[in-house]
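Undergrad: Okay, so here is start_11.pdb, and as you'll see once you scroll down, it has PDB, C-alpha atoms, pLDDT in the B column.
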ATOM      1  CA  MET A 108     -30.855  -5.499   0.865  1.00 96.00           C
ATOM      2  CA  ILE A 109     -29.534  -8.537  -0.954  1.00 97.00           C
ATOM      3  CA  ALA A 110     -27.207 -10.998   0.804  1.00 97.00           C
ATOM      4  CA  ILE A 111     -25.308 -13.200  -1.625  1.00 98.00           C
ATOM      5  CA  ILE A 112     -23.876 -16.348  -0.085  1.00 98.00           C
ATOM      6  CA  MET A 113     -21.083 -17.302  -2.489  1.00 97.00           C
ATOM      7  CA  GLY A 114     -18.546 -20.098  -2.759  1.00 95.00           C
ATOM      8  CA  VAL A 115     -17.930 -23.503  -4.225  1.00 93.00           C
ATOM      9  CA  SER A 116     -20.559 -26.213  -4.360  1.00 85.00           C
ATOM     10  CA  GLY A 117     -20.955 -28.017  -1.049  1.00 86.00           C
ATOM     11  CA  SER A 118     -19.818 -25.109   1.119  1.00 92.00           C
ATOM     12  CA  GLY A 119     -23.220 -24.814   2.797  1.00 92.00           C
ATOM     13  CA  LYS A 120     -24.652 -21.872   0.856  1.00 95.00           C
ATOM     14  CA  SER A 121     -28.208 -23.210   0.627  1.00 93.00           C
ATOM     15  CA  THR A 122     -28.388 -24.600   4.145  1.00 94.00           C
ATOM     16  CA  VAL A 123     -27.203 -21.358   5.728  1.00 97.00           C
ATOM     17  CA  GLY A 124     -29.008 -19.182   3.199  1.00 98.00           C
ATOM     18  CA  LYS A 125     -32.385 -20.666   4.141  1.00 98.00           C
ATOM     19  CA  LEU A 126     -31.697 -20.087   7.846  1.00 98.00           C
ATOM     20  CA  LEU A 127     -30.484 -16.557   7.173  1.00 98.00           C
ATOM     21  CA  GLY A 128     -33.585 -15.752   5.143  1.00 98.00           C
ATOM     22  CA  GLU A 129     -35.765 -16.958   8.032  1.00 98.00           C
ATOM     23  CA  LYS A 130     -33.844 -14.822  10.544  1.00 97.00           C
ATOM     24  CA  LEU A 131     -34.057 -11.758   8.303  1.00 97.00           C
ATOM     25  CA  GLY A 132     -37.699 -12.369   7.456  1.00 97.00           C
ATOM     26  CA  CYS A 133     -37.020 -12.399   3.739  1.00 98.00           C
ATOM     27  CA  SER A 134     -37.047 -14.859   0.877  1.00 97.00           C
ATOM     28  CA  PHE A 135     -34.256 -17.302   0.043  1.00 98.00           C
ATOM     29  CA  HIS A 136     -33.363 -18.159  -3.545  1.00 98.00           C
ATOM     30  CA  ASP A 137     -30.929 -20.704  -4.894  1.00 95.00           C
ATOM     31  CA  ALA A 138     -29.152 -19.380  -7.982  1.00 95.00           C
ATOM     32  CA  ASP A 139     -29.161 -22.924  -9.361  1.00 89.00           C
ATOM     33  CA  ASP A 140     -32.857 -22.365 -10.087  1.00 93.00           C
ATOM     34  CA  PHE A 141     -31.880 -19.671 -12.612  1.00 96.00           C
ATOM     35  CA  HIS A 142     -29.745 -22.035 -14.751  1.00 93.00           C
ATOM     36  CA  PRO A 143     -31.068 -22.989 -18.161  1.00 92.00           C
ATOM     37  CA  PRO A 144     -31.613 -26.764 -18.575  1.00 92.00           C
ATOM     38  CA  ALA A 145     -28.527 -27.105 -20.809  1.00 92.00           C
ATOM     39  CA  ASN A 146     -26.280 -25.862 -17.984  1.00 91.00           C
ATOM     40  CA  ILE A 147     -27.761 -28.322 -15.509  1.00 87.00           C
ATOM     41  CA  GLU A 148     -27.232 -31.205 -17.921  1.00 89.00           C
ATOM     42  CA  LYS A 149     -23.589 -30.209 -18.457  1.00 88.00           C
ATOM     43  CA  MET A 150     -22.922 -30.067 -14.728  1.00 80.00           C
ATOM     44  CA  ARG A 151     -24.755 -33.339 -14.112  1.00 81.00           C
ATOM     45  CA  ALA A 152     -22.470 -34.917 -16.727  1.00 84.00           C
ATOM     46  CA  GLY A 153     -19.377 -33.541 -14.985  1.00 79.00           C
ATOM     47  CA  ILE A 154     -18.688 -30.884 -17.630  1.00 84.00           C
ATOM     48  CA  ALA A 155     -17.596 -27.523 -16.230  1.00 79.00           C
ATOM     49  CA  LEU A 156     -19.489 -24.468 -17.433  1.00 83.00           C
ATOM     50  CA  ASN A 157     -17.609 -21.755 -19.292  1.00 90.00           C
ATOM     51  CA  ASP A 158     -18.216 -18.005 -19.151  1.00 92.00           C
ATOM     52  CA  THR A 159     -20.509 -18.135 -22.190  1.00 95.00           C
ATOM     53  CA  ASP A 160     -22.676 -20.747 -20.442  1.00 94.00           C
ATOM     54  CA  ARG A 161     -22.839 -18.605 -17.310  1.00 92.00           C
ATOM     55  CA  MET A 162     -23.817 -15.250 -18.874  1.00 95.00           C
ATOM     56  CA  PRO A 163     -27.582 -15.910 -19.289  1.00 94.00           C
ATOM     57  CA  TRP A 164     -27.617 -17.353 -15.757  1.00 95.00           C
ATOM     58  CA  LEU A 165     -25.834 -14.374 -14.212  1.00 96.00           C
ATOM     59  CA  ASN A 166     -27.994 -11.896 -16.108  1.00 95.00           C
ATOM     60  CA  ALA A 167     -31.172 -13.651 -14.914  1.00 96.00           C
ATOM     61  CA  ILE A 168     -29.982 -13.444 -11.311  1.00 97.00           C
ATOM     62  CA  ARG A 169     -29.044  -9.787 -11.759  1.00 96.00           C
ATOM     63  CA  GLU A 170     -32.460  -8.924 -13.191  1.00 96.00           C
ATOM     64  CA  PHE A 171     -34.150 -10.747 -10.326  1.00 97.00           C
ATOM     65  CA  MET A 172     -32.048  -8.821  -7.803  1.00 97.00           C
ATOM     66  CA  LEU A 173     -32.804  -5.495  -9.463  1.00 96.00           C
ATOM     67  CA  SER A 174     -36.530  -6.230  -9.364  1.00 96.00           C
ATOM     68  CA  ARG A 175     -36.340  -7.131  -5.649  1.00 97.00           C
ATOM     69  CA  LEU A 176     -34.432  -3.944  -4.845  1.00 96.00           C
ATOM     70  CA  LYS A 177     -36.822  -1.832  -6.918  1.00 96.00           C
ATOM     71  CA  GLU A 178     -39.739  -3.338  -4.952  1.00 97.00           C
ATOM     72  CA  GLY A 179     -37.942  -2.564  -1.676  1.00 97.00           C
ATOM     73  CA  LYS A 180     -37.729  -6.252  -0.807  1.00 97.00           C
ATOM     74  CA  SER A 181     -34.760  -8.053   0.706  1.00 97.00           C
ATOM     75  CA  ALA A 182     -33.520 -11.475  -0.344  1.00 98.00           C
ATOM     76  CA  VAL A 183     -30.840 -14.029   0.379  1.00 98.00           C
ATOM     77  CA  ILE A 184     -29.321 -15.712  -2.673  1.00 98.00           C
ATOM     78  CA  ALA A 185     -27.014 -18.717  -2.714  1.00 97.00           C
ATOM     79  CA  CYS A 186     -24.782 -18.300  -5.763  1.00 96.00           C
ATOM     80  CA  SER A 187     -21.301 -19.611  -6.532  1.00 92.00           C
ATOM     81  CA  ALA A 188     -20.164 -16.240  -8.023  1.00 95.00           C
ATOM     82  CA  LEU A 189     -16.652 -17.640  -8.322  1.00 94.00           C
ATOM     83  CA  LYS A 190     -15.052 -14.868 -10.400  1.00 95.00           C
ATOM     84  CA  ASN A 191     -14.735 -11.154  -9.776  1.00 95.00           C
ATOM     85  CA  SER A 192     -16.327 -10.514 -13.175  1.00 95.00           C
ATOM     86  CA  TYR A 193     -19.392 -12.534 -12.105  1.00 96.00           C
ATOM     87  CA  ARG A 194     -19.673 -10.531  -8.897  1.00 96.00           C
ATOM     88  CA  GLU A 195     -19.459  -7.311 -10.923  1.00 95.00           C
ATOM     89  CA  ILE A 196     -22.475  -8.456 -12.930  1.00 95.00           C
ATOM     90  CA  LEU A 197     -24.240  -9.205  -9.638  1.00 95.00           C
ATOM     91  CA  LEU A 198     -24.065  -5.564  -8.583  1.00 87.00           C
ATOM     92  CA  LYS A 199     -20.854  -5.714  -6.591  1.00 84.00           C
ATOM     93  CA  ASP A 200     -20.697  -1.933  -6.313  1.00 84.00           C
ATOM     94  CA  ASN A 201     -24.278  -1.583  -5.078  1.00 92.00           C
ATOM     95  CA  SER A 202     -24.365  -0.701  -1.368  1.00 92.00           C
ATOM     96  CA  GLU A 203     -27.516  -2.798  -0.954  1.00 95.00           C
ATOM     97  CA  VAL A 204     -25.741  -5.987  -2.062  1.00 96.00           C
ATOM     98  CA  HIS A 205     -23.554  -7.832   0.454  1.00 96.00           C
ATOM     99  CA  PHE A 206     -21.306 -10.750  -0.492  1.00 96.00           C
ATOM    100  CA  PHE A 207     -20.355 -13.488   1.979  1.00 98.00           C
ATOM    101  CA  HIS A 208     -17.697 -15.922   0.731  1.00 97.00           C
ATOM    102  CA  PHE A 209     -18.194 -19.353   2.272  1.00 97.00           C
ATOM    103  CA  LYS A 210     -14.646 -20.560   2.618  1.00 95.00           C
ATOM    104  CA  GLY A 211     -13.471 -24.048   3.558  1.00 93.00           C
ATOM    105  CA  ASN A 212     -10.720 -26.442   2.641  1.00 92.00           C
ATOM    106  CA  PHE A 213     -11.053 -28.927  -0.193  1.00 90.00           C
ATOM    107  CA  ASP A 214     -11.178 -32.020   2.051  1.00 90.00           C
ATOM    108  CA  LEU A 215     -14.100 -30.690   4.104  1.00 89.00           C
ATOM    109  CA  ILE A 216     -16.065 -29.622   1.034  1.00 88.00           C
ATOM    110  CA  ILE A 217     -15.513 -32.834  -0.953  1.00 85.00           C
ATOM    111  CA  GLU A 218     -16.635 -34.870   2.045  1.00 84.00           C
ATOM    112  CA  ARG A 219     -19.854 -32.874   2.163  1.00 80.00           C
ATOM    113  CA  LEU A 220     -20.415 -33.280  -1.577  1.00 77.00           C
ATOM    114  CA  GLU A 221     -19.847 -37.015  -1.457  1.00 76.00           C
ATOM    115  CA  HIS A 222     -22.526 -37.385   1.222  1.00 69.00           C
ATOM    116  CA  ARG A 223     -25.055 -35.069  -0.430  1.00 63.00           C
ATOM    117  CA  SER A 224     -27.976 -36.525  -2.336  1.00 61.00           C
ATOM    118  CA  GLY A 225     -30.564 -35.051  -4.634  1.00 55.00           C
ATOM    119  CA  HIS A 226     -28.342 -32.420  -6.244  1.00 52.00           C
ATOM    120  CA  PHE A 227     -27.229 -32.305  -9.879  1.00 52.00           C
ATOM    121  CA  MET A 228     -23.702 -31.012  -9.185  1.00 56.00           C
ATOM    122  CA  ASN A 229     -21.144 -33.694  -9.955  1.00 59.00           C
ATOM    123  CA  PRO A 230     -18.484 -33.818  -7.175  1.00 57.00           C
ATOM    124  CA  LYS A 231     -15.847 -34.247  -9.902  1.00 70.00           C
ATOM    125  CA  LEU A 232     -16.291 -30.548 -10.702  1.00 75.00           C
ATOM    126  CA  LEU A 233     -15.130 -29.358  -7.276  1.00 80.00           C
ATOM    127  CA  GLU A 234     -11.481 -29.133  -8.337  1.00 83.00           C
ATOM    128  CA  SER A 235     -12.423 -26.914 -11.275  1.00 84.00           C
ATOM    129  CA  GLN A 236     -14.470 -24.695  -8.956  1.00 87.00           C
ATOM    130  CA  PHE A 237     -11.541 -24.244  -6.571  1.00 90.00           C
ATOM    131  CA  ALA A 238      -9.297 -23.482  -9.565  1.00 89.00           C
ATOM    132  CA  THR A 239     -11.784 -20.917 -10.923  1.00 90.00           C
ATOM    133  CA  LEU A 240     -12.451 -19.214  -7.577  1.00 93.00           C
ATOM    134  CA  GLU A 241     -11.105 -15.676  -7.341  1.00 95.00           C
ATOM    135  CA  ASP A 242     -11.098 -14.835  -3.643  1.00 92.00           C
ATOM    136  CA  PRO A 243     -13.055 -11.617  -3.037  1.00 94.00           C
ATOM    137  CA  GLY A 244     -10.963 -10.708   0.014  1.00 91.00           C
ATOM    138  CA  GLU A 245     -10.917 -11.331   3.743  1.00 91.00           C
ATOM    139  CA  GLU A 246     -13.723  -8.872   4.463  1.00 92.00           C
ATOM    140  CA  CYS A 247     -16.134 -11.279   2.727  1.00 94.00           C
ATOM    141  CA  ASP A 248     -14.757 -14.536   4.171  1.00 96.00           C
ATOM    142  CA  VAL A 249     -16.991 -16.735   6.293  1.00 97.00           C
ATOM    143  CA  SER A 250     -15.452 -19.938   7.643  1.00 95.00           C
ATOM    144  CA  VAL A 251     -17.699 -22.938   6.990  1.00 95.00           C
ATOM    145  CA  ASP A 252     -16.173 -25.211   9.608  1.00 93.00           C
ATOM    146  CA  ARG A 253     -18.830 -24.139  12.142  1.00 95.00           C
ATOM    147  CA  SER A 254     -22.504 -24.929  12.645  1.00 95.00           C
ATOM    148  CA  PRO A 255     -25.015 -23.275  10.314  1.00 96.00           C
ATOM    149  CA  GLU A 256     -26.446 -21.385  13.298  1.00 97.00           C
ATOM    150  CA  ALA A 257     -23.031 -19.941  14.219  1.00 98.00           C
ATOM    151  CA  ILE A 258     -22.467 -18.880  10.610  1.00 98.00           C
ATOM    152  CA  VAL A 259     -25.863 -17.158  10.494  1.00 98.00           C
ATOM    153  CA  GLN A 260     -25.044 -15.240  13.687  1.00 98.00           C
ATOM    154  CA  ASP A 261     -21.726 -14.128  12.165  1.00 97.00           C
ATOM    155  CA  ILE A 262     -23.482 -12.843   9.028  1.00 98.00           C
ATOM    156  CA  LEU A 263     -26.218 -11.094  11.018  1.00 97.00           C
ATOM    157  CA  GLN A 264     -23.571  -9.240  13.024  1.00 96.00           C
ATOM    158  CA  ARG A 265     -21.815  -8.155   9.830  1.00 96.00           C
ATOM    159  CA  LEU A 266     -25.059  -6.970   8.263  1.00 95.00           C
ATOM    160  CA  THR A 267     -25.890  -4.958  11.383  1.00 92.00           C
ATOM    161  CA  LYS A 268     -22.494  -3.240  11.196  1.00 90.00           C
ATOM    162  CA  ALA A 269     -22.943  -2.566   7.455  1.00 84.00           C
ATOM    163  CA  ASN A 270     -26.287  -0.814   7.914  1.00 73.00           C
TER
END
Translate the structure of the given file into structure tokens.

TA:
Amino acid sequence: MIAIIMGVSGSGKSTVGKLLGEKLGCSFHDADDFHPPANIEKMRAGIALNDTDRMPWLNAIREFMLSRLKEGKSAVIACSALKNSYREILLKDNSEVHFFHFKGNFDLIIERLEHRSGHFMNPKLLESQFATLEDPGEECDVSVDRSPEAIVQDILQRLTKAN
């Protein structure tokens, strides 16, 4: 089973993803670690990535997921996956892959980004992320205006129902 925590930067994907991985007894992976250095430099400079920039990144994540599934291992992955086409690449139609869209309003997310340190993502890119986001539908929505623990419990309940 792969749980993909998706959404814009600053929505809490990594924080909750780490907790979820602990609760599930599986590994957590941040999709940012799969970016080539050129992508990181663009984002650090406040330059939005285009689809061409994202393809090697998405394919690397997909290959990682396929290897985990082949090995019979579960994982939690924090990944923006903003467009439907990106989610298709990330095995959207695979019954072992579950998407959870971390959804929050712009003001809440920008406040979080402005107080975050040690991350390469330039807060100036948040508007472009919201503009790019193609909502995957209510069934995937997870409200981020709660504690990380409450969000993890919500996801665990959904995963139990799905299996």

Undergrad: Go through A:Thr239, A:Ser187, A:Ser181, A:Ser250 and flag the residue nearest Trp164 (chain A), using all atoms listed in the file for the distances.

TA: A:Ser187

Undergrad: Using all atoms listed in the file, find the one residue out of A:Leu189, A:Ala238, A:Ala152, A:Val249 that sits nearest to Leu263 (chain A).

TA: A:Val249

Undergrad: Report, in Å to a single decimal, how far apart CA of Cys247 (chain A) and CA of Phe207 (chain A) are.

TA: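 Pair CA of Phe207 (chain A) / CA of Cys247 (chain A) returns 4.8 Å.
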
Undergrad: Please evaluate the PyMOL selection byres ((chain A and resi 140-146) around 8) against the structure above and give the resulting residues as number ranges by chain.

TA: A: 136-139, 147-150, 156, 160, 163-164, 167-168

Undergrad: Determine the residue set returned by the PyMOL selection byres ((chain A and resi 116) around 10) for the present structure, and present it as an MDAnalysis selection string.

TA: chainID A and resid 113:115 117:121 186:187 209 216:217 219:220 228:230 232:233 236:237

Undergrad: I'd like to see the residues matched by the PyMOL selection byres ((chain A and resi 255) around 12) on this file, and ideally I'd get them as a list in words.

TA: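 Written out, the selection comes to Ser118, Gly119, Lys120, Ser121, Thr122, Val123, Gly124, Lys125, Leu126, Leu127, Phe209, Val249, Ser250, Val251, Asp252, Arg253, Ser254, Glu256, Ala257, Ile258, Val259, Gln260, Asp261 and Ile262 of chain A.
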
Undergrad: Go ahead and save the residues from that selection, with C-alpha atoms, as a PDB file, in the coordinates of the input.

TA:
ATOM      1  CA  SER A 118     -19.818 -25.109   1.119  1.00 92.00           C
ATOM      2  CA  GLY A 119     -23.220 -24.814   2.797  1.00 92.00           C
ATOM      3  CA  LYS A 120     -24.652 -21.872   0.856  1.00 95.00           C
ATOM      4  CA  SER A 121     -28.208 -23.210   0.627  1.00 93.00           C
ATOM      5  CA  THR A 122     -28.388 -24.600   4.145  1.00 94.00           C
ATOM      6  CA  VAL A 123     -27.203 -21.358   5.728  1.00 97.00           C
ATOM      7  CA  GLY A 124     -29.008 -19.182   3.199  1.00 98.00           C
ATOM      8  CA  LYS A 125     -32.385 -20.666   4.141  1.00 98.00           C
ATOM      9  CA  LEU A 126     -31.697 -20.087   7.846  1.00 98.00           C
ATOM     10  CA  LEU A 127     -30.484 -16.557   7.173  1.00 98.00           C
ATOM     11  CA  PHE A 209     -18.194 -19.353   2.272  1.00 97.00           C
ATOM     12  CA  VAL A 249     -16.991 -16.735   6.293  1.00 97.00           C
ATOM     13  CA  SER A 250     -15.452 -19.938   7.643  1.00 95.00           C
ATOM     14  CA  VAL A 251     -17.699 -22.938   6.990  1.00 95.00           C
ATOM     15  CA  ASP A 252     -16.173 -25.211   9.608  1.00 93.00           C
ATOM     16  CA  ARG A 253     -18.830 -24.139  12.142  1.00 95.00           C
ATOM     17  CA  SER A 254     -22.504 -24.929  12.645  1.00 95.00           C
ATOM     18  CA  GLU A 256     -26.446 -21.385  13.298  1.00 97.00           C
ATOM     19  CA  ALA A 257     -23.031 -19.941  14.219  1.00 98.00           C
ATOM     20  CA  ILE A 258     -22.467 -18.880  10.610  1.00 98.00           C
ATOM     21  CA  VAL A 259     -25.863 -17.158  10.494  1.00 98.00           C
ATOM     22  CA  GLN A 260     -25.044 -15.240  13.687  1.00 98.00           C
ATOM     23  CA  ASP A 261     -21.726 -14.128  12.165  1.00 97.00           C
ATOM     24  CA  ILE A 262     -23.482 -12.843   9.028  1.00 98.00           C
TER      25      ILE A 262
END

Undergrad: Between CA of Ile109 (chain A) and CA of His205 (chain A), what is the distance in Å, rounded to a tenth?

TA: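 Between CA of Ile109 (chain A) and CA of His205 (chain A) the gap is 6.2 Å.
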
Undergrad: Using all atoms listed in the file, which of the listed residues (A:Arg169, A:Lys180, A:Lys210, A:Arg175) sits closest to Leu197 (chain A)?

TA: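 Selected residue with least distance to Leu197 (chain A): A:Arg169.
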
Undergrad: Take CA of Asp200 (chain A) and CA of Asp158 (chain A) and report the distance between them in Å, one decimal.

TA: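 One can read the CA of Asp200 (chain A) to CA of Asp158 (chain A) distance as 20.7 Å.
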